Structures are given as structure tokens and as C-alpha cells.
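Single-structure report; data block below.
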Amino acid sequence: MEYISTRNSSKTFKFKDVFIKGLADDGGLFIPQTLNKYSKDEINSFKNLSYIDLAKKIIFPFIDDFMSENELSKTVEKSYSVFREKNVVNLIKVGDRSILELFHGPTLAFKDVAMQLLGNFYEYYLKNENEKINIVVATSGDTGAAAIDAIKGKENVNIFVLHPHNRVSSVQRKLMTTGKDNNVFNIAIEGNFDDCQNLVKAMFADKDFSNNIKMSGVNSINWARIIAQSVYYFYSYCLVEDNKQTINFSVPTGNFGDIYAGYLAKKMGLPINKLIVATNQNDILHRAISMGSYEVENVNETISPSMDIQIASNFERLIYDLNGKDDLKTINAMNDIQDKNKYILDKEKLDQIKIDFASSRMSENEILETIKSVYEKFDLILDPHSAIGYRAFDKVNIDGNNIVLATAHPSKFPEAIMKSINLKSDLPQELRFVMNEKENYDIIENNVDKVKHHIKERI
Ligand SMILES: *Cc1c(COP(=O)(O)O)cnc(C)c1O
């Protein structure tokens with residue numbers, strides 16, 4: 001499989017470049033030139049596979065000669081051995097819908113599913129390449145912890161994580177900052193998540209700096225993350241009993257990464273009816289999908305901080321498709337967003353989006369109410385992000401097999417749970433120790449030179 005950039009469809013890349021670089025040098029996002037499409041019969045045959053065997057099957061065609069099939073097999077097994085569920089995820093029936101629990105990994109968010117695999121991809125790659133790299137990543141709270149857990153203690157790789165100071169939950173922060181490995185560096189930036197993301201982008205764009213430190217990225221635009229996430233769409237489809245009805249997924253969305261993985265699964269032949277973009281009050285994607293206006297506004301702090309984002313980086317991949325896979329048109333659209341903070345989707349594009357997507361937006365009160373009503377009715381505690389996904393089905397009102405992606409464990413957001421149902425949601429036993437560990441992070445102002453200096457001093 002060969003890859004191209006959304007901003008240049010004539011130059012091709014191998015998976016190795018796509019994975020290590022994350023972002024193309026032209027600023028575009030990597031996408032495969034062509035996709036493997038599965039037939040109905042093939043998809044039906046997936047029903048007999050464990051999660052791990054299905055993951056091997058789905059991922060292998062994407063990585064080409066990066067690893068042998070046998071190596072990949074070992075890597076997938078190793079990556080998912082750290083999950084608390086044998087089949088990585090868990091599908092439960094709750095009233096008229098199903099909930100796909102994706103939070104059984106080491107840091108209690110769905111991001112572990114992709115990140116554990118990436119960590120082992122790095123390890124494999126670095127063993128063969130004899131070089132040392134530095135991962136720099138921005139986080140709204142969950143990516144950082146998942147990336148740190150995946151990279152900590154590995155050889156020839158350091159990780160620097162930028163999180164917005166005082167804007168992540170205390171548990172999110174502790175899961176990042178209490179480790180003792182000397183290849184992990186936490187930085188609290190005096191700004192919001194988009195500031196952190198912009199700092200990372202600016203460091204990547206400075207080729208002297210990024211080449212010099214051999215900078216690599218694991219944020220949600222990394223294609224390797226997307227393919228790892230597409231697996232659970234296939235897997236949960238196979239778990240649903242009645243496949244005669246249409247199947248819909250509601251996905252709590254920030255950077256458009258997780259939901260794009262669902263869209264990818266659909267393009268690979270999985271018969272998904274609608275993908276529902278479920279946003280909090282930072283609703284740029286809801287405005288884009290419902291009204292055609294992708295317009296950047298200020299970021300509001302919410303009780304679902306992992307979705308407090310205005311610039312949905314992965315949306316560029318959809319913009320590319322909506323523009324008929326035309327790289328020049330994609331560049332123009334991205335320039336509009338850069339210069340005018342705005343991109344208007346015409347009716348034709350909007351109609352096209354609505355074939356695959358629907359959307360909804362949740363206020364803070366609606367989130368708290370949803371946590372409460374689900375708890376009272378079903379004795380189940382949803383985290384605020386998953387509650388947004390749950391409620392979206394009531395707003396969009398769509399028939400079929402409705403699956404909500406539960407993206408985090410409630411104990412990661414104890415403040416919100418307490419506020420909603422006046423209960424303490426405990427961390428799983430094996431993670432309780434982090435509450436009493438010493439934290440280690442540096443606070444730095446929102447200034448790219450200061451951050452670069454800080455990183456250079458530590459490598
Ligand atoms: C990151 C995250 C999201 C949003 O995922 P995207 O891929 O950015 O859309 C939703 N919920 C939780 C708990 C997250 O950590």
C-alpha cells in the first residue's frame with residue numbers, strides 16, 4: 001500500500017514514513033492511495049475471530065513491508081496483553097442501544113487501543129534503524145497519558161508531552177505525571193489545548209529544529225492510530241446479533257480522529273449507516289455538518305476536556321474526499337481555514353457529508369443530566385464524553401442497531417461524576433496508587449522558543 005498527502009497526490013510514501021513523520025512535509029495528512037475493500041462474505045467470516053486476530057487481519061495490508069506478518073502478529077499480541085479485557089473492548093446492551101467500552105487499557109481511555117500498538121511499532125522500528133528519536137505531542141488530557149504509557153522505558157526514544165496547564169482533570173494529570181521513567185517529560189503550557197497543538201505544529205514546521213532532534217509525532221492525525229481504531233468498528237459490528245437492521249455509531253468527537261476511523265471502516269466495506277459526530281459546546285464539527293459552516297470560535301472549558309478543541313485536525317482528510325480527492329482544492333480549503341478561520345461547505349458537499357454523518361451538540365447541563373438518568377435507569381456510570389455519545393442518539397433520533405463509543409472510564413473524571421450523581425467513581429484497583437504518587441512536570445509559558453529550549457536541554 002502506498003500513501004499520499006492530502007496536499008500532494010503525486011508523491012507517494014511508504015507506511016514507515018507515514019508512521020514516523022505523522023504529518024507530511026507539505027503540511028497535509030497522509031492517506032492511502034487505494035483501500036482494501038472487504039466483501040460481505042469476508043466481513044461475515046470476521047465473526048469467528050478474536051479481537052486480536054481481527055486486528056492483525058485489518059492492520060496488515062496497511063503496513064506493507066514495515067513488518068512481516070509474523071512480526072505484526074507478535075506486536076499486536078504484546079500490545080493488547082496489557083488490557084484488562086481479553087478481547088480489548090466490551091460491548092454491553094443498555095436499554096435501546098449498545099455501549100462499546102473502549103477504556104479497558106492502562107490509562108482508561110480509548111486512546112490506549114491505538115497508542116499501545118504505536119509504542120511497539122516505535123520499539124521495533126528503532127531496534128532496526130539504530131537511531132534515537134524524540135516524540136513531541138500535545139494533549140487535551142488523554143493522549144498524553146496513553147502515549148506515555150506506551151513509550152515509557154523504551155530504548156532510543158524520549159517523549160515530551162504538552163498539556164494545557166490547569167485544564168485537564170486531576171486524574172488525567174496524575175496518570176501523566178507520576179511515572180518515574182527518565183525518557184518521559186511533562187510540560188504544562190500556560191494556554192489551552194489548541195495553543196499546545198500550535199506549539200507542536202510550529203516545532204514540526206521548523207525543519208532545523210525538528211530534523212535536529214529527530215522529532216516524531218503521535219497525535220491523532222497519525223495514520224497508524226486511525227487504522228488501529230478502525231478495528232473496533234469491525235469487531236463491534238460482528239458482535240451485534242441482528243445485522244438485518246442498519247448499524248449506527250455515535251462517537252464523542254474532538255479532533256475527528258476516532259470517528260474518521262469509523263468512516264474508514266465504512267469505506268473498507270463495513271455496512272455502517274450513519275456515524276454521529278457528538279460534540280460538547282465546542283461544536284465546530286456540529287456546525288459544519290448541520291449547517292455547512294466550519295468556523296473556528298473560542299474554546300470553552302467543559303467537563304469533557306478531551307473534546308475542548310476548535311481545530312479538528314483530521315477533518316482535512318474528509319475535506320479532501322469532499323473536494324473529489326483534489327489536492328489543490330484541499331490546499332485552498334485549508335488556506336481559508338488558516339487565513340479566515342472559516343470554510344464554507346456548499347450544498348453539494350453538505351449533501352455528501354450527510355450520506356455518512358449526522359451530528360449533535362451537548363450543553364454542560366445535558367451532559368450532567370445524561371450521566372444522572374443513565375445511572376438511575378441502568379445503574380451504569382458514564383464518563384462525560386461517553387454521555388455525550390449516548391445522548392446524541394436521542395437528539396438525532398435514528399433507528400437501527402445503535403452503538404455508543406464509550407471513550408473513557410468514569411473514574412478519570414471524578415469531578416464531573418460527583419457533580420452529577422454525588423458519587424465517587426473509583427479508579428480500578430491497579431491504578432489507585434497514582435493518587436498518592438509525587439507528580440513531576442514543568443510549567444512553561446505559551447512561547448515556542450521557550451519550549452524548544454526546554455526540550456533541547458533535556459535530550
Ligand atoms: C480524545 C478523546 C475524545 C475525542 O477523540 P477524537 O479522536 O479527538 O475525536 C473523546 N473522548 C475521550 C475520552 C478522549 O480522550
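In the C-alpha cells, each chain is lettered A, B, ... as it comes, each chain's residues begin at 1, and ligands are numbered from 1 in order of appearance.
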Could you give me, as a compact mmCIF listing (two decimals) with C-alpha atoms, in the first residue's frame, the residues within 12 Å of region 376-382 of chain A, counting only C-alpha atoms and dropping anything in the same chain fewer than 2 positions from it?
# COMPACT_ATOMS: atom_id res chain seq x y z
CA ILE A 92 -22.90 -4.11 26.60
CA LYS A 93 -26.61 -3.63 25.97
CA VAL A 94 -28.09 -0.62 27.75
CA GLY A 95 -31.79 -0.07 27.05
CA ASP A 96 -32.38 0.52 23.36
CA ARG A 97 -28.71 0.91 22.46
CA ILE A 99 -22.26 0.70 24.55
CA LEU A 100 -18.85 -0.18 23.25
CA GLU A 101 -16.45 0.20 26.18
CA PHE A 103 -11.46 2.16 28.12
CA SER A 304 -15.45 16.81 28.80
CA ILE A 367 -24.22 16.01 29.99
CA LEU A 368 -24.78 16.04 33.75
CA GLU A 369 -28.44 15.08 33.27
CA THR A 370 -27.50 12.20 30.98
CA ILE A 371 -24.99 10.79 33.47
CA LYS A 372 -27.70 11.00 36.12
CA SER A 373 -30.53 9.46 34.14
CA VAL A 374 -28.41 6.59 32.82
CA PRO A 384 -18.90 12.85 30.47
CA HIS A 385 -17.53 12.10 26.98
CA SER A 386 -19.40 8.82 26.70
CA ALA A 387 -22.54 10.56 28.00
CA ILE A 388 -22.30 12.96 25.06
CA GLY A 389 -22.21 9.99 22.71
CA TYR A 390 -25.12 8.33 24.49
CA ARG A 391 -27.38 11.35 24.40
CA VAL A 404 -22.28 4.38 21.51
CA LEU A 405 -18.50 4.55 21.75
CA ALA A 406 -17.62 4.88 25.45
CA THR A 407 -14.26 6.60 25.23
CA ALA A 408 -13.18 6.91 28.87
CA HIS A 409 -13.68 5.27 32.26
CA PRO A 410 -15.78 7.45 34.58
CA SER A 411 -13.11 7.45 37.29
CA LYS A 412 -10.95 9.59 35.05
CA PHE A 413 -13.40 12.47 35.51
CA PRO A 414 -14.36 12.26 39.20
CA ALA A 416 -18.00 15.64 36.84
CA ILE A 417 -19.35 12.38 38.27
CA MET A 418 -19.52 13.90 41.74
CA SER A 420 -23.89 14.81 38.53
CA ILE A 421 -24.71 11.97 40.92
CA ASN A 422 -22.84 12.86 44.08
CA LEU A 423 -20.79 9.67 43.94
CA LYS A 424 -17.11 8.98 43.97
CA SER A 425 -16.13 6.91 40.95
CA ASP A 426 -13.10 4.87 41.99
Contacts to ligand 1 at 9 Å cut-off (only C-alpha atoms and all ligand atoms) as a PDB file with C-alpha atoms, in the first residue's frame:
ATOM      1  CA  PHE A 103     -11.463   2.160  28.116  1.00  0.00           C
ATOM      2  CA  LEU A 108      -8.566   4.300  30.955  1.00  0.00           C
ATOM      3  CA  ALA A 109      -9.303   5.954  27.601  1.00  0.00           C
ATOM      4  CA  PHE A 110      -9.853   4.604  24.096  1.00  0.00           C
ATOM      5  CA  LYS A 111      -6.566   6.178  23.061  1.00  0.00           C
ATOM      6  CA  THR A 139      -2.708  16.567  24.700  1.00  0.00           C
ATOM      7  CA  SER A 140      -6.087  17.649  25.941  1.00  0.00           C
ATOM      8  CA  GLY A 141      -5.557  15.078  28.691  1.00  0.00           C
ATOM      9  CA  ASP A 142      -5.918  11.520  27.431  1.00  0.00           C
ATOM     10  CA  THR A 143      -3.468  11.285  24.531  1.00  0.00           C
ATOM     11  CA  SER A 220      -4.477  11.800  16.413  1.00  0.00           C
ATOM     12  CA  ILE A 221      -3.590  12.611  12.812  1.00  0.00           C
ATOM     13  CA  ILE A 226      -6.555   5.613  12.690  1.00  0.00           C
ATOM     14  CA  VAL A 251     -18.786   8.952  18.563  1.00  0.00           C
ATOM     15  CA  PRO A 252     -17.794  11.636  21.089  1.00  0.00           C
ATOM     16  CA  THR A 253     -15.626  13.763  18.850  1.00  0.00           C
ATOM     17  CA  GLY A 254     -12.882  16.364  19.205  1.00  0.00           C
ATOM     18  CA  ASN A 255     -10.154  16.036  16.623  1.00  0.00           C
ATOM     19  CA  PHE A 256     -12.318  13.944  14.247  1.00  0.00           C
ATOM     20  CA  GLY A 257      -9.883  11.040  14.673  1.00  0.00           C
ATOM     21  CA  ASP A 258     -11.943   8.285  16.224  1.00  0.00           C
ATOM     22  CA  ILE A 259     -14.929   8.983  14.005  1.00  0.00           C
ATOM     23  CA  TYR A 260     -12.731   9.134  10.932  1.00  0.00           C
ATOM     24  CA  ALA A 261     -11.652   5.582  11.787  1.00  0.00           C
ATOM     25  CA  VAL A 277     -20.482  13.297  15.432  1.00  0.00           C
ATOM     26  CA  THR A 279     -19.737  17.279  20.314  1.00  0.00           C
ATOM     27  CA  SER A 304     -15.454  16.810  28.804  1.00  0.00           C
ATOM     28  CA  PRO A 305     -11.982  18.354  28.411  1.00  0.00           C
ATOM     29  CA  SER A 306     -10.706  15.802  25.896  1.00  0.00           C
ATOM     30  CA  MET A 307     -13.079  17.356  23.385  1.00  0.00           C
ATOM     31  CA  ASP A 308     -12.322  21.022  24.144  1.00  0.00           C
ATOM     32  CA  ILE A 309     -10.986  21.652  20.691  1.00  0.00           C
ATOM     33  CA  ALA A 312     -10.376  19.312  14.281  1.00  0.00           C
ATOM     34  CA  SER A 313      -7.131  18.274  12.601  1.00  0.00           C
ATOM     35  CA  ASN A 314      -8.396  15.073  10.991  1.00  0.00           C
ATOM     36  CA  ASP A 383     -17.970   9.405  31.864  1.00  0.00           C
ATOM     37  CA  PRO A 384     -18.898  12.852  30.468  1.00  0.00           C
ATOM     38  CA  HIS A 385     -17.529  12.101  26.981  1.00  0.00           C
ATOM     39  CA  SER A 386     -19.405   8.821  26.697  1.00  0.00           C
ATOM     40  CA  LEU A 405     -18.500   4.554  21.752  1.00  0.00           C
ATOM     41  CA  ALA A 406     -17.620   4.878  25.447  1.00  0.00           C
ATOM     42  CA  THR A 407     -14.257   6.597  25.234  1.00  0.00           C
ATOM     43  CA  ALA A 408     -13.184   6.914  28.868  1.00  0.00           C
ATOM     44  CA  HIS A 409     -13.684   5.269  32.256  1.00  0.00           C
ATOM     45  CA  LYS A 412     -10.954   9.588  35.045  1.00  0.00           C
TER      46      LYS A 412
END
(message) Going by DSSP on the backbone, which residues of region 209-407 of chain A come out as strand (DSSP E)? List them as a count of residues only.
(response) 33
Give me, as a short mmCIF file (atom, residue, chain, number, x, y, z; two decimals) with N, CA and C atoms, in the first residue's frame, all polymer residues having an atom no more than 12 Å from Asn128 (chain A), counting only C-alpha atoms and skipping those fewer than 5 positions away in the same chain.
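File produced: around.cif:
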data_model
loop_
_atom_site.label_atom_id
_atom_site.label_comp_id
_atom_site.auth_asym_id
_atom_site.auth_seq_id
_atom_site.Cartn_x
_atom_site.Cartn_y
_atom_site.Cartn_z
N PHE A 66 6.68 -2.80 6.32
CA PHE A 66 7.21 -2.26 7.59
C PHE A 66 7.57 -3.40 8.55
N MET A 67 6.76 -4.42 8.54
CA MET A 67 6.95 -5.59 9.40
C MET A 67 6.45 -6.81 8.64
N PHE A 121 5.36 -0.35 17.73
CA PHE A 121 5.87 -0.05 16.38
C PHE A 121 7.19 0.74 16.49
N TYR A 122 7.20 1.72 17.39
CA TYR A 122 8.44 2.51 17.58
C TYR A 122 9.59 1.60 18.02
N GLU A 123 9.29 0.77 19.00
CA GLU A 123 10.34 -0.10 19.54
C GLU A 123 10.94 -0.97 18.42
N GLU A 155 13.71 1.98 24.67
CA GLU A 155 15.04 2.49 24.34
C GLU A 155 15.04 3.37 23.11
N ASN A 156 15.96 4.33 23.07
CA ASN A 156 16.18 5.21 21.91
C ASN A 156 15.01 6.13 21.59
#
(request) Between A:Lys349, A:His163, A:Lys214, A:Lys56, single out the one closest to Lys21 (chain A), counting only C-alpha atoms. (result) A:Lys214
(request) Just the helix (DSSP H, G or I) stuff from region 221-328 of chain A, please, per backbone DSSP, written as an MDAnalysis selection string. (result) chainID A and resid 223:239 257:267 284:291 305:307 315:322 327:328
(message) Using only C-alpha atoms, can you tell me which of A:Met115, A:Val157, A:Ile331, A:Leu91 comes closest to Ala145 (chain A)?
(response)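 Using only C-alpha atoms, the shortest distance to Ala145 (chain A) belongs to A:Met115.
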(request) Between A:Tyr3, A:Phe83, A:Tyr51, A:Phe209, single out the one closest to Ile455 (chain A), counting only C-alpha atoms. (result) A:Phe209
(message) My list of candidates is A:Val218, A:Glu241, A:Asp195, A:Asn341. Which is closest to Val448 (chain A) when distances are computed with only C-alpha atoms?
(response) A:Asp195
(message) Considering only C-alpha atoms, can you say which of A:Val296, A:Val171, A:Ala228, A:Met215 comes closest to Glu439 (chain A)?
(response)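 Closest to Glu439 (chain A), using only C-alpha atoms: A:Val171.
If you count only C-alpha atoms and ignore residues fewer than 2 places along the chain from Phe46 (chain A), what sits within 12 Å of it is Tyr38, Ser39, Lys40, Asp41, Glu42, Ile43, Asn44, Asn48, Leu49, Ser50, Tyr51, Ile52, Asp53, Leu54, Ala55, Lys56, Lys57, Ile58, Val231, Tyr232, Tyr233, Phe234, Tyr235, Ser236, Tyr237, Cys238, Leu239 and Leu270 of chain A.
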For the residues in that selection, give me C-alpha atoms as a short mmCIF file (atom, residue, chain, number, x, y, z; two decimals), in the first residue's frame.
data_model
loop_
_atom_site.label_atom_id
_atom_site.label_comp_id
_atom_site.auth_asym_id
_atom_site.auth_seq_id
_atom_site.Cartn_x
_atom_site.Cartn_y
_atom_site.Cartn_z
CA TYR A 38 -13.95 -6.30 2.07
CA SER A 39 -16.92 -8.22 0.69
CA LYS A 40 -19.98 -9.08 2.77
CA ASP A 41 -18.81 -12.68 3.00
CA GLU A 42 -15.37 -11.68 4.19
CA ILE A 43 -16.88 -9.44 6.84
CA ASN A 44 -19.15 -12.27 7.96
CA ASN A 48 -15.22 -16.04 14.22
CA LEU A 49 -12.14 -14.03 15.10
CA SER A 50 -10.92 -12.78 18.45
CA TYR A 51 -10.26 -9.03 18.68
CA ILE A 52 -6.54 -9.67 18.40
CA ASP A 53 -6.81 -11.86 15.30
CA LEU A 54 -9.16 -9.38 13.67
CA ALA A 55 -6.72 -6.55 14.42
CA LYS A 56 -3.90 -8.46 12.71
CA LYS A 57 -6.09 -9.01 9.65
CA ILE A 58 -7.29 -5.43 9.31
CA VAL A 231 -10.64 -2.42 14.13
CA TYR A 232 -13.24 -1.94 16.87
CA TYR A 233 -15.85 -0.78 14.40
CA PHE A 234 -15.49 -4.12 12.58
CA TYR A 235 -15.34 -6.04 15.83
CA SER A 236 -18.46 -4.50 17.36
CA TYR A 237 -20.35 -4.92 14.08
CA CYS A 238 -19.59 -8.64 14.35
CA LEU A 239 -20.83 -8.74 17.95
CA LEU A 270 -18.34 -2.26 6.65
#
